[in-house]
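This is run.txt (compact mmCIF, C-alpha atoms and all ligand atoms).
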# COMPACT_ATOMS: atom_id res chain seq x y z
CA MET Z 834 -25.29 -42.90 10.77
CA SER Z 835 -22.20 -43.41 12.87
CA THR Z 836 -22.45 -45.40 16.07
CA PRO Z 837 -20.07 -45.59 19.04
CA TRP Z 838 -19.13 -49.19 18.19
CA ASP Z 839 -17.94 -48.18 14.72
CA ASP Z 840 -14.75 -47.11 16.49
CA TRP Z 841 -14.44 -50.00 18.91
CA ASP Z 842 -11.99 -52.88 18.57
CA HIS Z 843 -12.28 -54.38 22.05
CA VAL Z 844 -15.00 -54.73 24.64
CA LEU Z 845 -14.49 -56.03 28.15
CA LYS Z 846 -17.46 -57.86 29.59
CA VAL Z 847 -17.67 -57.75 33.37
CA ASP Z 848 -19.83 -60.40 35.03
CA PRO Z 849 -21.31 -58.86 38.21
CA ASP Z 850 -21.60 -62.34 39.71
CA LYS Z 851 -17.87 -63.05 39.50
CA PRO Z 852 -15.14 -61.47 41.61
CA LEU Z 853 -12.12 -59.68 40.19
CA CYS Z 854 -8.72 -61.28 40.71
CA GLU Z 855 -7.16 -60.75 44.09
CA GLY Z 856 -5.69 -57.30 44.58
CA GLU Z 857 -7.32 -55.85 41.46
CA THR Z 858 -9.78 -52.96 41.47
CA PHE Z 859 -12.26 -51.41 39.06
CA GLU Z 860 -9.74 -48.64 38.54
CA ASP Z 861 -7.38 -51.31 37.12
CA VAL Z 862 -10.21 -52.74 35.02
CA CYS Z 863 -11.00 -49.34 33.53
CA GLN Z 864 -7.35 -48.78 32.68
CA THR Z 865 -6.89 -51.86 30.50
CA GLY Z 866 -7.32 -49.77 27.34
CA THR Z 867 -10.57 -51.46 26.33
CA ASP Z 868 -12.95 -49.32 24.27
CA ALA Z 869 -16.04 -50.06 26.33
CA ILE Z 870 -17.20 -52.11 29.28
CA GLU Z 871 -20.34 -54.21 29.05
CA ILE Z 872 -21.77 -55.27 32.38
CA GLY Z 873 -23.74 -58.46 32.15
CA GLY Z 874 -23.93 -62.18 32.78
CA THR Z 875 -26.39 -65.01 32.33
CA LEU Z 876 -26.78 -66.61 35.77
CA ASP Z 877 -27.47 -65.26 39.25
CA ILE Z 878 -27.52 -61.61 38.23
CA THR Z 879 -29.44 -59.15 40.39
CA ALA Z 880 -29.98 -55.41 40.15
CA GLU Z 881 -27.90 -55.02 43.34
CA LYS Z 882 -24.91 -56.83 41.84
CA MET Z 883 -25.27 -54.78 38.65
CA THR Z 884 -25.43 -51.52 40.61
CA ARG Z 885 -22.31 -52.41 42.56
CA VAL Z 886 -20.28 -52.73 39.34
CA VAL Z 887 -21.81 -49.64 37.70
CA ASP Z 888 -21.05 -47.53 40.77
CA ALA Z 889 -17.50 -48.87 41.08
CA ALA Z 890 -16.69 -48.16 37.42
CA ALA Z 891 -18.56 -44.85 37.16
CA ALA Z 892 -15.63 -42.68 38.23
CA TYR Z 893 -13.45 -43.65 35.25
CA ASP Z 894 -13.38 -42.67 31.62
CA VAL Z 895 -14.41 -45.86 29.80
CA PRO Z 896 -17.95 -45.91 28.35
CA LEU Z 897 -20.16 -48.21 30.40
CA TYR Z 898 -23.01 -50.22 28.93
CA GLN Z 899 -25.35 -52.54 30.68
CA GLU Z 900 -26.24 -55.79 28.95
CA PRO Z 901 -29.23 -56.98 30.97
CA SER Z 902 -30.17 -60.66 30.80
CA ASN Z 903 -33.76 -59.90 31.86
CA PRO Z 904 -35.88 -56.82 32.65
CA ALA Z 905 -35.58 -57.31 36.42
CA VAL Z 906 -31.87 -56.51 36.47
CA VAL Z 907 -31.98 -53.26 34.48
CA VAL Z 908 -30.28 -50.46 36.38
CA ASP Z 909 -31.22 -46.82 35.91
CA SER Z 910 -27.97 -44.90 36.27
CA PRO Z 911 -26.64 -41.74 34.64
CA ALA Z 912 -23.21 -43.43 34.70
CA LEU Z 913 -24.40 -45.75 31.93
CA GLU Z 914 -23.77 -44.66 28.38
CA GLY Z 915 -26.54 -47.00 27.34
CA TYR Z 916 -28.09 -50.43 27.21
CA LEU Z 917 -27.13 -53.20 24.80
CA ILE Z 918 -30.05 -55.58 24.69
CA PRO Z 919 -29.46 -59.09 23.39
CA THR Z 920 -32.01 -60.70 21.13
CA VAL Z 921 -31.05 -64.28 20.35
CA PHE Z 922 -31.72 -65.01 16.69
CA ASN Z 923 -31.24 -68.77 17.04
CA ALA Z 924 -33.11 -69.14 20.33
CA GLY Z 925 -35.55 -72.04 20.55
CA ASP Z 926 -37.56 -70.18 23.15
CA PRO Z 927 -39.12 -66.97 21.80
CA MET Z 928 -38.84 -65.47 25.27
CA TRP Z 929 -35.26 -64.58 24.31
CA ILE Z 930 -36.11 -63.22 20.86
CA THR Z 931 -38.87 -60.77 21.75
CA GLY Z 932 -40.67 -62.12 24.84
CA ALA Z 933 -38.57 -60.65 27.65
CA HIS Z 934 -38.34 -57.44 25.61
CA LYS Z 935 -42.12 -57.18 25.47
CA GLU Z 936 -42.36 -57.57 29.26
CA TRP Z 937 -39.71 -54.88 29.75
CA VAL Z 938 -41.47 -52.40 27.48
CA ARG Z 939 -44.69 -52.99 29.42
CA ILE Z 940 -43.18 -52.20 32.81
CA ASP Z 941 -40.62 -49.50 32.00
CA ASP Z 942 -40.43 -46.18 30.24
CA LEU Z 943 -37.39 -46.88 28.08
CA ASP Z 944 -34.83 -44.25 27.19
CA TRP Z 945 -34.76 -45.06 23.46
CA ASP Z 946 -31.76 -42.86 22.68
CA ARG Z 947 -29.67 -45.04 24.97
CA THR Z 948 -31.26 -48.40 24.11
CA HIS Z 949 -29.72 -50.56 21.38
CA THR Z 950 -30.03 -54.20 20.43
CA GLU Z 951 -27.44 -56.86 19.71
CA ALA Z 952 -28.42 -59.68 17.33
CA TYR Z 953 -26.93 -62.66 19.14
CA ILE Z 954 -26.14 -65.93 17.41
CA VAL Z 955 -25.29 -68.38 20.20
CA LEU Z 956 -22.84 -71.07 19.11
CA ASN Z 957 -21.49 -72.95 22.13
CA PRO Z 958 -24.13 -75.52 23.15
CA ALA Z 959 -22.44 -76.03 26.54
CA ALA Z 960 -22.73 -72.37 27.56
CA SER Z 961 -25.38 -71.25 30.05
CA VAL Z 962 -26.74 -68.80 27.50
CA ALA Z 963 -27.35 -71.66 25.04
CA GLU Z 964 -29.14 -73.72 27.68
CA VAL Z 965 -31.25 -70.86 28.98
CA THR Z 966 -32.35 -69.72 25.50
CA ASP Z 967 -32.61 -73.27 24.07
CA ALA Z 968 -30.43 -72.12 21.19
CA ASP Z 969 -29.98 -74.22 18.07
CA CYS Z 970 -26.17 -74.27 17.90
CA ALA Z 971 -25.94 -76.94 15.16
CA LEU Z 972 -25.19 -74.35 12.52
CA ASP Z 973 -22.58 -74.36 9.78
CA ALA Z 974 -20.86 -71.31 8.33
CA ASP Z 975 -23.58 -70.77 5.72
CA ASP Z 976 -26.31 -70.88 8.36
CA VAL Z 977 -24.49 -68.35 10.53
CA ALA Z 978 -23.81 -66.07 7.56
CA ALA Z 979 -27.51 -66.27 6.65
CA TYR Z 980 -28.56 -65.37 10.20
CA ALA Z 981 -26.16 -62.41 10.05
CA THR Z 982 -27.77 -61.25 6.80
CA VAL Z 983 -31.27 -61.66 8.24
CA ALA Z 984 -30.24 -59.61 11.28
CA GLU Z 985 -28.72 -56.82 9.20
CA ARG Z 986 -31.03 -56.68 6.20
CA MET Z 987 -34.42 -57.77 7.51
CA PHE Z 988 -34.22 -56.60 11.12
CA GLY Z 989 -31.94 -53.56 10.74
CA GLN Z 990 -29.56 -54.70 13.46
CA GLU Z 991 -26.46 -52.57 13.95
CA ILE Z 992 -24.62 -55.20 15.97
CA VAL Z 993 -24.36 -58.92 15.17
CA TYR Z 994 -22.80 -60.83 18.06
CA LEU Z 995 -21.33 -64.32 17.61
CA GLU Z 996 -21.44 -65.74 21.10
CA TYR Z 997 -19.14 -68.68 21.77
CA SER Z 998 -19.00 -67.83 25.50
CA GLY Z 999 -16.52 -70.12 27.26
CA THR Z 1000 -14.98 -71.67 24.16
CA TYR Z 1001 -12.92 -70.46 21.23
CA GLY Z 1002 -14.95 -70.30 18.04
CA ASP Z 1003 -14.40 -71.47 14.51
CA PRO Z 1004 -12.59 -68.73 12.54
CA ALA Z 1005 -14.21 -69.95 9.30
CA VAL Z 1006 -17.69 -69.43 10.77
CA VAL Z 1007 -16.77 -66.01 12.15
CA GLY Z 1008 -15.21 -65.03 8.83
CA ALA Z 1009 -18.33 -66.11 6.94
CA ALA Z 1010 -20.51 -63.89 9.12
CA HIS Z 1011 -18.09 -61.00 8.65
CA GLU Z 1012 -18.19 -61.40 4.88
CA ALA Z 1013 -21.97 -61.43 4.93
CA LEU Z 1014 -22.27 -58.06 6.65
CA ASP Z 1015 -22.02 -54.70 4.91
CA ASP Z 1016 -22.74 -52.12 7.60
CA ALA Z 1017 -23.46 -53.94 10.83
CA THR Z 1018 -20.64 -54.32 13.33
CA LEU Z 1019 -19.60 -57.91 14.05
CA PHE Z 1020 -18.84 -58.66 17.70
CA TYR Z 1021 -17.07 -61.92 18.50
CA GLY Z 1022 -16.96 -63.30 22.05
CA GLY Z 1023 -15.67 -66.57 23.47
CA GLY Z 1024 -12.51 -68.15 24.82
CA ILE Z 1025 -10.09 -65.30 24.12
CA HIS Z 1026 -7.25 -65.83 26.57
CA ASP Z 1027 -4.06 -64.23 25.23
CA TYR Z 1028 -2.58 -62.11 22.46
CA ASP Z 1029 -2.69 -64.81 19.79
CA SER Z 1030 -6.25 -65.95 20.43
CA ALA Z 1031 -7.33 -62.30 20.42
CA ALA Z 1032 -5.47 -61.61 17.18
CA GLY Z 1033 -6.99 -64.71 15.59
CA MET Z 1034 -10.56 -63.48 16.05
CA ALA Z 1035 -9.79 -59.78 15.61
CA ALA Z 1036 -8.76 -60.69 12.06
CA HIS Z 1037 -12.28 -62.01 11.32
CA SER Z 1038 -14.50 -59.58 13.25
CA ASP Z 1039 -14.87 -55.88 14.03
CA VAL Z 1040 -14.91 -56.05 17.82
CA ILE Z 1041 -13.65 -58.79 20.11
CA VAL Z 1042 -15.33 -59.27 23.47
CA VAL Z 1043 -13.31 -60.61 26.38
CA GLY Z 1044 -15.11 -61.91 29.46
CA ASP Z 1045 -13.88 -64.73 31.72
CA LEU Z 1046 -10.22 -63.83 31.26
CA LEU Z 1047 -10.70 -60.75 33.44
CA HIS Z 1048 -12.08 -62.82 36.31
CA ASP Z 1049 -9.71 -65.80 35.82
CA GLN Z 1050 -6.37 -64.19 34.91
CA GLY Z 1051 -6.78 -60.49 35.57
CA VAL Z 1052 -6.07 -57.14 33.99
CA ASP Z 1053 -2.56 -57.82 32.62
CA ALA Z 1054 -3.90 -60.68 30.51
CA VAL Z 1055 -6.77 -58.47 29.34
CA ARG Z 1056 -4.29 -55.78 28.32
CA GLU Z 1057 -2.58 -58.24 25.95
CA THR Z 1058 -5.90 -58.87 24.21
CA VAL Z 1059 -6.45 -55.12 23.85
CA ALA Z 1060 -3.02 -54.85 22.21
CA ALA Z 1061 -3.93 -57.60 19.75
CA ALA Z 1062 -7.26 -55.96 18.90
CA LYS Z 1063 -5.56 -52.60 18.30
CA ASP Z 1064 -2.77 -54.16 16.22
CA ALA Z 1065 -5.34 -55.86 14.00
CA SER Z 1066 -7.54 -52.80 13.61
CA PRO Z 1067 -7.47 -51.00 10.26
CA THR Z 1068 -8.68 -47.79 11.94
CA SER Z 1069 -6.53 -47.73 15.03
CA SER Z 1070 -3.36 -45.69 15.25
CA ALA Z 1071 -2.20 -47.65 18.31
C1 LIG Q 1 -19.32 -63.74 27.01
O1 LIG Q 1 -18.81 -63.29 24.72
C2 LIG Q 1 -18.39 -63.10 26.03
O2 LIG Q 1 -20.61 -63.21 26.87
C3 LIG Q 1 -16.96 -63.46 26.26
O3 LIG Q 1 -16.77 -64.84 26.36
O4 LIG Q 1 -16.13 -65.24 28.74
O5 LIG Q 1 -15.43 -66.84 26.92
O6 LIG Q 1 -14.40 -64.56 27.11
P1 LIG Q 1 -15.62 -65.43 27.34
Rendering of file as structure tokens:
Amino acid sequence: MSTPWDDWDHVLKVDPDKPLCEGETFEDVCQTGTDAIEIGGTLDITAEKMTRVVDAAAAYDVPLYQEPSNPAVVVDSPALEGYLIPTVFNAGDPMWITGAHKEWVRIDDLDWDRTHTEAYIVLNPAASVAEVTDADCALDADDVAAYATVAERMFGQEIVYLEYSGTYGDPAVVGAAHEALDDATLFYGGGIHDYDSAAGMAAHSDVIVVGDLLHDQGVDAVRETVAAAKDASPTSSA
């Protein structure tokens, strides 16, 4: 079965709690050349902040996905292509493996055709997501590769997401996870800040995710990372 992310090389993650750079608009954000926009963050996210970003980006052509951090911030909007729901495979607190998901399913009538999961492996212990989920980040390349296999083979996950949020990861670890996967798409996110750092991780993953750079440096810097992702892609004609 083909999935939208089979064709992606680059995802831009917009944090609804952080402003864009001065003078930049969502029109600029949607014209960076990224393959998809994920709207999500870990701290201080509300449905209102989410809605503001969805509405601002709705007019443009880039597929929009919400990545809710908890059921209370899920936005019901036809502008959304779908929902990418994290489940943290190395979480210490089961709330972030299946607990929050169970609460969501109890209160909402989910649109299953538009609801997909991402098997997160959280690897930067200093990141908010590691603290919130109580993630065990003391993992070597073999551990991470094994988690990737568990996600793909035992839990049928289509997306495995190595989350180094805020710091640049270890290419050997990312490469080991990539090697371990046959069909699942490997997302890498964390610390990508220019063409070279983007190229470095694009070589070891299927999709690179860029987050803070948008809010810290702006759309021109993001565009460089898109170029690197496209240059590294075996399927892209760019
Ligand atoms: C965060 O993986 C993304 O969820 C991207 O990380 O903000 O470090 O780019 P950065």
For the point (-33.8, -64.1, 15.3) in the file's frame, write as an mmCIF file with C-alpha atoms, keeping the file's coordinate frame all residues with an atom no more than 12 Å away, counting all atoms listed in the file.
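Done, and the output landed in part_13.cif:
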data_model
loop_
_atom_site.group_PDB
_atom_site.id
_atom_site.type_symbol
_atom_site.label_atom_id
_atom_site.label_comp_id
_atom_site.auth_asym_id
_atom_site.auth_seq_id
_atom_site.Cartn_x
_atom_site.Cartn_y
_atom_site.Cartn_z
ATOM 1 C CA PRO Z 919 -29.460 -59.090 23.390
ATOM 2 C CA THR Z 920 -32.010 -60.700 21.130
ATOM 3 C CA VAL Z 921 -31.050 -64.280 20.350
ATOM 4 C CA PHE Z 922 -31.720 -65.010 16.690
ATOM 5 C CA ASN Z 923 -31.240 -68.770 17.040
ATOM 6 C CA ALA Z 924 -33.110 -69.140 20.330
ATOM 7 C CA GLY Z 925 -35.550 -72.040 20.550
ATOM 8 C CA ASP Z 926 -37.560 -70.180 23.150
ATOM 9 C CA PRO Z 927 -39.120 -66.970 21.800
ATOM 10 C CA MET Z 928 -38.840 -65.470 25.270
ATOM 11 C CA TRP Z 929 -35.260 -64.580 24.310
ATOM 12 C CA ILE Z 930 -36.110 -63.220 20.860
ATOM 13 C CA THR Z 931 -38.870 -60.770 21.750
ATOM 14 C CA GLY Z 932 -40.670 -62.120 24.840
ATOM 15 C CA THR Z 950 -30.030 -54.200 20.430
ATOM 16 C CA GLU Z 951 -27.440 -56.860 19.710
ATOM 17 C CA ALA Z 952 -28.420 -59.680 17.330
ATOM 18 C CA TYR Z 953 -26.930 -62.660 19.140
ATOM 19 C CA ILE Z 954 -26.140 -65.930 17.410
ATOM 20 C CA VAL Z 955 -25.290 -68.380 20.200
ATOM 21 C CA THR Z 966 -32.350 -69.720 25.500
ATOM 22 C CA ALA Z 968 -30.430 -72.120 21.190
ATOM 23 C CA ASP Z 969 -29.980 -74.220 18.070
ATOM 24 C CA VAL Z 977 -24.490 -68.350 10.530
ATOM 25 C CA ALA Z 979 -27.510 -66.270 6.650
ATOM 26 C CA TYR Z 980 -28.560 -65.370 10.200
ATOM 27 C CA ALA Z 981 -26.160 -62.410 10.050
ATOM 28 C CA THR Z 982 -27.770 -61.250 6.800
ATOM 29 C CA VAL Z 983 -31.270 -61.660 8.240
ATOM 30 C CA ALA Z 984 -30.240 -59.610 11.280
ATOM 31 C CA GLU Z 985 -28.720 -56.820 9.200
ATOM 32 C CA MET Z 987 -34.420 -57.770 7.510
ATOM 33 C CA PHE Z 988 -34.220 -56.600 11.120
ATOM 34 C CA GLY Z 989 -31.940 -53.560 10.740
ATOM 35 C CA GLN Z 990 -29.560 -54.700 13.460
ATOM 36 C CA VAL Z 993 -24.360 -58.920 15.170
ATOM 37 C CA TYR Z 994 -22.800 -60.830 18.060
#
- Query: atom CA of Val847 of chain Z to atom CA of Cys863 of chain Z: how many Å, to one decimal?
  - Reply: 10.7 Å
Taking only C-alpha atoms and all ligand atoms into account, list the residues no farther than 8 Å from ligand LIG 1 (chain Q), as a compact mmCIF listing (two decimals) with C-alpha atoms, in the coordinates of the input.
# COMPACT_ATOMS: atom_id res chain seq x y z
CA LYS Z 846 -17.46 -57.86 29.59
CA GLY Z 873 -23.74 -58.46 32.15
CA GLY Z 874 -23.93 -62.18 32.78
CA LEU Z 995 -21.33 -64.32 17.61
CA GLU Z 996 -21.44 -65.74 21.10
CA TYR Z 997 -19.14 -68.68 21.77
CA SER Z 998 -19.00 -67.83 25.50
CA GLY Z 999 -16.52 -70.12 27.26
CA THR Z 1000 -14.98 -71.67 24.16
CA TYR Z 1001 -12.92 -70.46 21.23
CA TYR Z 1021 -17.07 -61.92 18.50
CA GLY Z 1022 -16.96 -63.30 22.05
CA GLY Z 1023 -15.67 -66.57 23.47
CA GLY Z 1024 -12.51 -68.15 24.82
CA ILE Z 1025 -10.09 -65.30 24.12
CA HIS Z 1026 -7.25 -65.83 26.57
CA VAL Z 1042 -15.33 -59.27 23.47
CA VAL Z 1043 -13.31 -60.61 26.38
CA GLY Z 1044 -15.11 -61.91 29.46
CA ASP Z 1045 -13.88 -64.73 31.72
CA LEU Z 1046 -10.22 -63.83 31.26
- Item | d(atom CA of Ala905 of chain Z, atom CA of Leu853 of chain Z) in Å |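 Rounded to one decimal, the two atoms are 23.9 Å apart.
Across the structure, atom CA of Ser910 of chain Z and atom CA of Lys882 of chain Z are spaced 13.5 Å apart.
Closest approach to Asp941 of chain Z among Z:Leu876, Z:Val965, Z:Ala1032, Z:Val907: Z:Val907, based on all atoms listed in the file.
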- Task: Find, counting only C-alpha atoms, the residue in Z:Ala1054, Z:Asp888, Z:Asp1027, Z:Thr875 that gets nearest to Ala960 of chain Z.
- Result: Z:Thr875
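The protein and nucleic acid residues lying at most 12 Å from Glu855 of chain Z are Lys851, Pro852, Leu853, Glu857, Thr858, Phe859, Asp861, Leu1047, His1048, Asp1049, Gln1050, Gly1051 and Val1052 of chain Z, with all atoms listed in the file considered and sequence neighbours fewer than 2 positions away removed.
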- Task: Point out the residue among Z:Val908, Z:Cys854, Z:Val862, Z:Ala869 with the least atom-to-atom distance to Met883 of chain Z, counting only C-alpha atoms.
- Result: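 Among the listed residues, Z:Val908 lies closest to Met883 of chain Z.
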- Quick one: residues within 10 Å of (-21.6, -71.9, 8.9) (file frame), counting all atoms listed in the file, please, as a list of chain:residue names. Z:Ala971, Z:Leu972, Z:Asp973, Z:Ala974, Z:Asp975, Z:Asp976, Z:Val977, Z:Ala978, Z:Ala979, Z:Tyr980, Z:Asp1003, Z:Ala1005, Z:Val1006, Z:Val1007, Z:Gly1008, Z:Ala1009, Z:Ala1010
For the residues in that selection, give me C-alpha atoms as a short mmCIF file (atom, residue, chain, number, x, y, z; two decimals), in the frame of the given file.
data_model
loop_
_atom_site.label_atom_id
_atom_site.label_comp_id
_atom_site.auth_asym_id
_atom_site.auth_seq_id
_atom_site.Cartn_x
_atom_site.Cartn_y
_atom_site.Cartn_z
CA ALA Z 971 -25.94 -76.94 15.16
CA LEU Z 972 -25.19 -74.35 12.52
CA ASP Z 973 -22.58 -74.36 9.78
CA ALA Z 974 -20.86 -71.31 8.33
CA ASP Z 975 -23.58 -70.77 5.72
CA ASP Z 976 -26.31 -70.88 8.36
CA VAL Z 977 -24.49 -68.35 10.53
CA ALA Z 978 -23.81 -66.07 7.56
CA ALA Z 979 -27.51 -66.27 6.65
CA TYR Z 980 -28.56 -65.37 10.20
CA ASP Z 1003 -14.40 -71.47 14.51
CA ALA Z 1005 -14.21 -69.95 9.30
CA VAL Z 1006 -17.69 -69.43 10.77
CA VAL Z 1007 -16.77 -66.01 12.15
CA GLY Z 1008 -15.21 -65.03 8.83
CA ALA Z 1009 -18.33 -66.11 6.94
CA ALA Z 1010 -20.51 -63.89 9.12
#
